[in-house]
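Have a look at the structure below, then the notes.
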Amino acid sequence: MSRVREALHGAASAIRAAWGKALSVAREVPGWALIVTGVAVLAIVGEATFLIVQTGGDDGGEPEATEQPLPCNERQAAFAVNSDRFAQQVRALGTVPPLAKVLDVYDVHVLDCVDLTGDGVDEMVVQLSESAAPEGTTGIASPWAIYQPLDGEWVPTMIRTAVTGAKVTIGDGQVQEVSSALVEGDALCCPSGKRPGVVEWDGKEFAYKPAEGPRGRTIAIADGQAVALAGFNLQESSLEDAVSYFGPASTYGPTGEVCPAEWRDLGMTINFANFGGLDPCGLDGRVGNVTLHGLEARQAGWQAQDGARIDISEGALKKLYPDMQPAEVATTVVPIDQEGELFTLVSAPSEVGVEETVPVLSARIATGRVADFEIQVGAAGE
């Protein structure tokens with residue numbers, strides 16, 4: 001605070017003290033004199049207050065902020081991470097024992113304190129690394145989050161826990177993320193490929209954009225069939241086609257007649273299948289079903305044609321699908337062990353039973369919000 005402001009504050013304090021003393025002798029002063037004195041004192045105090053506001057900064061600068069910025073350091077990050085939503089998402093990975101704290105398993109790193117939204121207030125970018133993980137390990141999750149100050153504390157508003165081997169850097173108002181991916185010739189344990197992308201503020205929330213692949217994120221259903229996913233042909237495509245379209249998968253591998261392939265930065269799993277004894281991961285595999293799941297799917301912007309998205313409320317989903325019903329059977333080729341209840345949003349007549357229907361688009365509701373979408377394709381003949 002400038003010397004001018006200090007002097008003005010001192011003057012105001014002195015005036016208030018003098019006024020208090022004046023009141024103690026008020027009975028000895030004529031009424032008209034007391035009124036005149038009061039008006040004069042109030043005028044002086046008002047002028048002093050006005051000057052204090054006008055001289056909010058030194059040399060006529062802007063008034064000082066009433067709320068100090070939060071400290072942005074690893075101590076603050078550690079305090080926040082142990083008990084917030086980021087910690088809950090990390091625990092869902094299964095790497096933290098039930099009675100342990102997140103930071104008993106992970107080390108916390110503040111990557112940067114920088115304004116990512118253009119509002120003049122810094123965000124805090126935090127990443128966790130497993131304490132016992134060998135240096136250079138790429139096949140394990142490297143959770144990270146963006147924290148924003150809210151009501152005097154750091155709150156995670158962008159959480160990414162599913163991406164494996166994530167390398168995170170910050171520049172030009174963006175967060176660059178490079179995660180690991182399998183390319184031809186890689187062993188499942190040791191991915192050598194990369195999936196680069198950026199996280200940036202879109203004016204309302206943080207969103208993720210991969211460096212390659214389509215920009216659209218729409219689930220297309222026509223004539224009771226799931227026909228396309230962001231323009232990708234679901235009815236006639238193999239894993240090789242998907243890699244050409246979306247870029248290398250984070251991981252994939254045959255499990256009997258099924259080949260689950262994951263693009264973890266997009267929150268997308270495509271299950272390819274072949275029930276004729278051929279390689280489901282090869283050219284003869286076809287899409288059995290697709291799951292779009294988790295916060296990564298929300299950040300990537302996946303949505304149904306009517307605008308339904310991951311993380312919308314159950315009430316909002318019911319307005320879009322008033323006839324939604326609890327699913328009678330699981331729709332996935334490979335069962336997913338997740339919390340919540342599955343609801344059928346769109347169904348089609350079954351080719352087996354005349355009066356039976358099969359789900360085409362389903363949503364899993366957990367804690368009152370959409371946790372994932374499941375799309376039944378059936379191009380493998382199941």
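Chain lettering (A, B, ...) mirrors the order of the structure tokens, residue numbering begins at 1 for each chain separately, and ligand numbering begins at 1 in order of display.
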With the cut-off set at 10 Å and counting only C-alpha atoms, tabulate each residue of stretch 220-287 of chain A with an atom at most that distance from an atom of stretch 357-366 of chain A, showing the nearest atom pair and its distance in Å to one decimal, ordered by chain and increasing number, as a Markdown table.
| residue | atom | partner | partner_atom | distance |
| --- | --- | --- | --- | --- |
| A:Ile221 | CA | A:Val360 | CA | 8.3 |
| A:Gly224 | CA | A:Val360 | CA | 7.2 |
| A:Gln225 | CA | A:Val360 | CA | 6.7 |
| A:Ala226 | CA | A:Val360 | CA | 6.6 |
Export of the given selection (C-alpha atoms) as a PDB file, in the first residue's frame:
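Produced file again-v1.pdb, reproduced below:
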ATOM      1  CA  ILE A 221     -27.648 -44.328 -35.985  1.00  0.00           C
ATOM      2  CA  GLY A 224     -32.123 -49.084 -36.304  1.00  0.00           C
ATOM      3  CA  GLN A 225     -28.391 -49.604 -36.942  1.00  0.00           C
ATOM      4  CA  ALA A 226     -25.252 -48.010 -35.581  1.00  0.00           C
TER       5      ALA A 226
END
So which residues touch stretch 85-88 of chain A within 7 Å, counting only C-alpha atoms, skipping near sequence neighbours fewer than 2 positions away, as a list of chain:residue names?
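The contact residues come out as A:Val81, A:Asn82, A:Ser83, A:Val90, A:Arg91, A:Ala92, A:Val102, A:Pro156, A:Ile159.
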Filtering to C-alpha atoms, could you give me those residues as a compact mmCIF listing (two decimals), in the first residue's frame?
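What ended up in part.txt:
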# COMPACT_ATOMS: atom_id res chain seq x y z
CA VAL A 81 -4.86 -34.34 -4.32
CA ASN A 82 -5.26 -36.53 -1.25
CA SER A 83 -8.95 -35.81 -0.78
CA VAL A 90 -7.00 -42.24 -9.38
CA ARG A 91 -8.30 -44.79 -6.87
CA ALA A 92 -10.58 -46.16 -9.59
CA VAL A 102 -3.05 -41.61 -2.99
CA PRO A 156 -9.77 -30.04 -10.25
CA ILE A 159 -8.98 -34.82 -14.90
For the interface of stretch 305-377 of chain A with stretch 229-235 of chain A (cut-off 12 Å, counting only C-alpha atoms), please tabulate each contacting residue of stretch 305-377 of chain A alongside its nearest pair of atoms and their separation in Å to one decimal, rows sorted by chain and increasing number, as a tab-separated table.
residue	atom	partner	partner_atom	distance
A:Gln305	CA	A:Leu229	CA	10.7
A:Glu374	CA	A:Leu229	CA	12.0
A:Ile375	CA	A:Leu229	CA	9.7
A:Gln376	CA	A:Leu234	CA	10.0
A:Val377	CA	A:Leu234	CA	6.9
Can those selected residues be exported to a file as a tab-separated table (two decimals), in the first residue's frame so that it contains N, CA and C atoms?
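Below you can see part32.tsv, which holds the result:
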chain	number	residue	atom	x	y	z
A	305	GLN	N	-26.61	-38.15	-31.73
A	305	GLN	CA	-27.11	-37.19	-32.71
A	305	GLN	C	-28.05	-36.15	-32.10
A	374	GLU	N	-22.78	-47.31	-24.63
A	374	GLU	CA	-22.45	-48.58	-25.25
A	374	GLU	C	-23.23	-48.70	-26.55
A	375	ILE	N	-22.51	-49.00	-27.62
A	375	ILE	CA	-23.10	-49.06	-28.96
A	375	ILE	C	-22.98	-50.49	-29.47
A	376	GLN	N	-24.10	-51.13	-29.69
A	376	GLN	CA	-24.12	-52.49	-30.21
A	376	GLN	C	-24.15	-52.42	-31.74
A	377	VAL	N	-23.12	-53.00	-32.37
A	377	VAL	CA	-22.99	-52.93	-33.83
A	377	VAL	C	-23.38	-54.27	-34.46
Counting only C-alpha atoms, the option among A:Leu342, A:Ala300, A:Leu283, A:Val125 closest to A:Gly213:
A:Ala300
Please compute the atom CA of A:Arg75-atom CA of A:Glu123 distance, one decimal, in Å.
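That distance, rounded to one decimal, is 15.3 Å.
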Cut-off 12 Å: closest stretch 308-377 of chain A/stretch 261-268 of chain A atom pairs per residue, using only C-alpha atoms, as JSON lines:
{"residue": "A:Ile310", "atom": "CA", "partner": "A:Gly267", "partner_atom": "CA", "distance": 10.3}
{"residue": "A:Val334", "atom": "CA", "partner": "A:Ala261", "partner_atom": "CA", "distance": 11.2}
{"residue": "A:Ala371", "atom": "CA", "partner": "A:Gly267", "partner_atom": "CA", "distance": 11.0}
{"residue": "A:Asp372", "atom": "CA", "partner": "A:Gly267", "partner_atom": "CA", "distance": 9.1}
{"residue": "A:Phe373", "atom": "CA", "partner": "A:Met268", "partner_atom": "CA", "distance": 9.7}
{"residue": "A:Glu374", "atom": "CA", "partner": "A:Met268", "partner_atom": "CA", "distance": 10.1}
{"residue": "A:Ile375", "atom": "CA", "partner": "A:Met268", "partner_atom": "CA", "distance": 11.0}
Hey, what does DSSP flag as alpha helix (DSSP H) within stretch 67-302 of chain A? Can you give it to me as a count of residues only?
34
A:Val114 environment, 9 Å, only C-alpha atoms, sequence neighbours closer than 2 positions dropped, as an NGL selection string:
:A and (112 or 116 or 121-125 or 170 or 173)
Output for the residues just chosen: N, CA and C atoms as a PDB file, in the first residue's frame:
ATOM      1  N   ASP A 112       3.190 -26.638 -13.896  1.00  0.00           N
ATOM      2  CA  ASP A 112       3.223 -25.205 -14.184  1.00  0.00           C
ATOM      3  C   ASP A 112       2.070 -24.520 -13.464  1.00  0.00           C
ATOM      4  N   LEU A 116      -4.623 -20.449 -18.266  1.00  0.00           N
ATOM      5  CA  LEU A 116      -5.017 -21.232 -19.437  1.00  0.00           C
ATOM      6  C   LEU A 116      -6.388 -20.825 -19.979  1.00  0.00           C
ATOM      7  N   VAL A 121      -6.166 -15.255 -14.198  1.00  0.00           N
ATOM      8  CA  VAL A 121      -5.939 -16.045 -12.986  1.00  0.00           C
ATOM      9  C   VAL A 121      -5.246 -17.349 -13.379  1.00  0.00           C
ATOM     10  N   ASP A 122      -4.187 -17.678 -12.673  1.00  0.00           N
ATOM     11  CA  ASP A 122      -3.427 -18.884 -13.001  1.00  0.00           C
ATOM     12  C   ASP A 122      -4.169 -20.157 -12.629  1.00  0.00           C
ATOM     13  N   GLU A 123      -4.043 -21.158 -13.495  1.00  0.00           N
ATOM     14  CA  GLU A 123      -4.424 -22.536 -13.158  1.00  0.00           C
ATOM     15  C   GLU A 123      -3.172 -23.276 -12.683  1.00  0.00           C
ATOM     16  N   MET A 124      -3.380 -24.408 -12.020  1.00  0.00           N
ATOM     17  CA  MET A 124      -2.272 -25.247 -11.567  1.00  0.00           C
ATOM     18  C   MET A 124      -2.366 -26.598 -12.281  1.00  0.00           C
ATOM     19  N   VAL A 125      -1.329 -26.971 -13.014  1.00  0.00           N
ATOM     20  CA  VAL A 125      -1.300 -28.233 -13.741  1.00  0.00           C
ATOM     21  C   VAL A 125      -0.479 -29.226 -12.920  1.00  0.00           C
ATOM     22  N   ILE A 170       3.392 -27.605 -21.228  1.00  0.00           N
ATOM     23  CA  ILE A 170       2.498 -26.448 -21.327  1.00  0.00           C
ATOM     24  C   ILE A 170       3.162 -25.370 -22.174  1.00  0.00           C
ATOM     25  N   GLY A 173      -0.735 -21.215 -24.078  1.00  0.00           N
ATOM     26  CA  GLY A 173      -2.087 -21.313 -23.546  1.00  0.00           C
ATOM     27  C   GLY A 173      -2.720 -22.677 -23.699  1.00  0.00           C
TER      28      GLY A 173
END
Residues flagged strand (DSSP E or B) by DSSP in stretch 142-367 of chain A, as a ChimeraX atom specification
/A:144-150,153-160,164,167-171,174-181,193-201,206-210,218-222,225-229,232-233,251-252,255,258-263,268-273,286-293,303-304,309,313,325-326,341-349,357-366
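Of note, atom CA of A:Gly185 and atom CA of A:Arg160 are spaced 27.8 Å apart.
Residue nearest A:Met158, chosen from A:Glu205, A:Asp104, A:Glu314, A:Glu212 and counting only C-alpha atoms: A:Glu205.
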Mind checking which residues fall within 9 Å of A:Met324, counting only C-alpha atoms, ignoring those fewer than 2 positions away in the same chain, and posting them as a PyMOL selection string?
chain A and resi 317-318+321-322+326-327+343-346+362
Which residues are near A:Pro260? Cut-off 6 Å, only C-alpha atoms, ignore same chain within fewer than 4 positions. Put them as number ranges by chain.
A: 252, 270-271
Best match for closeness to A:Asp306 among A:Ser131, A:Pro254, A:Cys113, A:Ala220, counting only C-alpha atoms:
A:Ala220
